[in-house]
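Q: The structure follows.
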Amino acid sequence: MLKKPFVGKGRASTGPTPLGRQRDFGIFWAAQTLSVLGDAFALIALPLLVLQATGSVASMGLLTAVGGAASVLAAVFAGTVVDRVDRRRLLIGCDLVRMVLYGLIPVVWVFGARVWLLYAVLPVCEAVGTLFAVGYVTVVRGLVGTGRLTEANGRLNATAALAGVLGPLGAGLVAAWTGPAGAVAVDAASFAVSAACLSLVRLRPRPADDGSAEAAPATAGAGGLWRDLRTGVAFLYRHPVLRSLTVLLFGFSFFTLGLNDLVIYHIKHDLGHDDGTVGTVMAAGAVGSIAGSLLVARVRRRAGFGPTWIGSVTVCGLAFAGLGLLHPVVALAGLSAAFLACVAMAGTCSMSLRQEVTPEHLLGRVTSAFWTLHYSAAPVGAAVLTWAAEQHGTTPVAALAGGACVLIAAAALLTPVRRAAHGET
């Protein structure tokens with residue numbers, strides 16, 4: 001049985017309060033958008049600093065690899081940390097740490113380039129960013145209640161997608177005006193404002209543990225870390241819908257993480273277009289992601305979880321298969337928008353369901369386990385698909401990957417996902 005929805009001011013209500021009237025969610029929404037905007041700034045500003053200092057593309061790639069490795073490592077223990085500490089303080093602390101560390105870079109750069117500092121700062125900031133991401137997922141239900149979860153996640157994901165577009169654009173403009181170090185300074189400032197916003201948010205206290213083995217608090221130490229990870233995995237395994245989703249998304253992530261690389265390769269290598277065309281297609285995809293995030297709550301209310309998720313994955317597969325077959329830029333932009341719109345819809349549904357059915361004291365560990373399991377093969381998939389595209393061309397590889405996604409959607413019809421409406425098993 002789910003508890004009555006918690007709404008904004010810390011009390012139960014007979015019905016979900018419209019998000020526009022929930023003060024705490026509005027402030028949290030602004031803070032999350034600013035945090036994602038800061039991440040998007042860093043995505044452009046830091047590689048530009050490395051390129052400015054070294055002129056080496058290999059050095060840029062190494063910095064990205066180091067940051068990515070730190071993020072994956074942090075995902076393993078993020079749930080344990082989130083479930084052991086005050087979540088609002090954790091989110092504020094994550095923003096403040098990133099503010100300080102990113103703020104060091106432009107200060108040091110005044111006295112000359114110090115590339116080693118980037119390799120020291122970025123891994124820590126990426127790890128802290130993963131903690132923030134897991135922490136923010138765990139507090140949304142306490143802000144809006146279960147009745148508004150999908151709508152709230154849709155709005156958060158829509159503005160995150162918008163920040164993902166505006167961040168790199170803004171970073172490029174600031175870097176052109178003041179230099180890359182100035183863009184990093186703006187990045188640091190965004191985290192300061194985000195932390196200030198979060199300090200104004202009131203979160204519901206987590207319920208006391210009920211004494212059961214499942215409700216046992218997260219434990220410290222290396223042994224405790226793996227026990228906590230197993231706790232999250234065990235909950236996923238025991239819940240029929242989440243178990244099925246974890247397996248299905250393992251395959252979906254394997255076949256789709258390399259999509260952007262395939263699209264860029266197809267546009268530039270196969271079709272001979274320039275970087276501006278790549279940007280246009282990617283921008284269309286971002287618009288699709290925003291649209292899908294805003295529509296998902298309405299679609300899920302009408303169709304239910306299962307049809308929405310399965311239908312979204314089906315459209316993703318069809319769009320992916322078509323990307324390698326079509327040449328007109330308008331058609332590629334439309335397929336990219338359709339793909340990312342449905343990725344946003346499926347992803348928002350999946351995240352909302354986890355928040356709805358997971359006990360509060362386990363939410364961090366379950367989120368961490370879910371992310372770790374279903375993304376674990378994605379980097380390998382991206383490497384395999386891009387290698388295959390270079391050897392055999394994007395058309396057969398995109399058709400194969402898209403077809404595999406359609407098969408994953410078909411397989412979902414044989415699982416409890418098909419019957420799930422609002423988290424029922």
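For the structure tokens, the naming scheme is as follows: chains receive sequential letters (A, B, ...) according to their order of presentation, residues are indexed from 1 within each chain, and ligands are indexed from 1 in presentation order.
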DSSP on the backbone: what in region 67-212 of chain A comes out alpha helix (DSSP H), as a PyMOL selection string?
A: chain A and resi 67-84+87-109+115-144+149-178+180-198
Q: Rounded to one decimal place, report the CA of Val174 (chain A)-CA of Ala42 (chain A) distance in Å.
A: 12.0 Å
Q: Near region 364-378 of chain A, counting only C-alpha atoms, which residues have an atom at most 8 Å away, once you skip same-chain residues fewer than 2 positions from it, shown as a tab-separated table (two decimals) with C-alpha atoms, in the first residue's frame?
A:
chain	number	residue	atom	x	y	z
A	72	VAL	CA	30.75	4.94	-13.15
A	75	ALA	CA	27.37	5.03	-9.22
A	76	VAL	CA	28.27	1.83	-7.36
A	77	PHE	CA	28.25	3.43	-3.90
A	78	ALA	CA	26.03	6.47	-4.52
A	79	GLY	CA	22.90	4.74	-3.27
A	80	THR	CA	24.57	3.76	0.00
A	81	VAL	CA	25.63	7.34	0.66
A	82	VAL	CA	22.23	8.79	-0.27
A	83	ASP	CA	20.39	6.41	2.04
A	134	VAL	CA	20.94	9.77	-7.32
A	135	GLY	CA	20.03	12.10	-4.45
A	137	VAL	CA	15.82	11.13	-7.78
A	138	THR	CA	15.16	10.09	-4.17
A	228	ASP	CA	23.95	-2.36	0.31
A	229	LEU	CA	24.39	-2.85	-3.42
A	230	ARG	CA	23.01	-6.38	-3.05
A	231	THR	CA	20.07	-4.95	-1.09
A	232	GLY	CA	19.17	-2.73	-4.06
A	233	VAL	CA	19.63	-5.59	-6.52
A	235	PHE	CA	14.63	-5.41	-4.32
A	236	LEU	CA	14.77	-5.11	-8.11
A	246	THR	CA	16.19	-3.94	-15.66
A	247	VAL	CA	16.74	-6.83	-18.08
A	249	LEU	CA	16.86	-1.84	-20.48
A	250	PHE	CA	20.17	-3.72	-20.28
A	251	GLY	CA	19.61	-4.71	-23.90
A	253	SER	CA	21.10	0.57	-23.52
A	254	PHE	CA	23.54	-1.79	-25.26
A	255	PHE	CA	22.03	-1.02	-28.66
A	256	THR	CA	21.32	2.72	-28.26
A	257	LEU	CA	24.18	4.40	-26.40
A	354	ARG	CA	10.83	3.15	-9.26
A	358	THR	CA	10.36	1.62	-3.73
A	361	HIS	CA	14.68	4.10	2.97
A	362	LEU	CA	15.76	1.95	0.00
A	380	VAL	CA	30.62	-2.00	-24.82
A	381	GLY	CA	27.57	-1.74	-27.06
A	382	ALA	CA	28.56	1.73	-28.22
Q: When you draw a straight line from CA of Glu360 (chain A) to CA of Arg300 (chain A), how long is it in Å?
A: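 Here the two named atoms are 23.1 Å from each other.
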Q: Which residues are near Gly292 (chain A)? Cut-off 12 Å, only C-alpha atoms, ignore same chain within fewer than 2 positions. Put them as a count of residues only.
A: 39
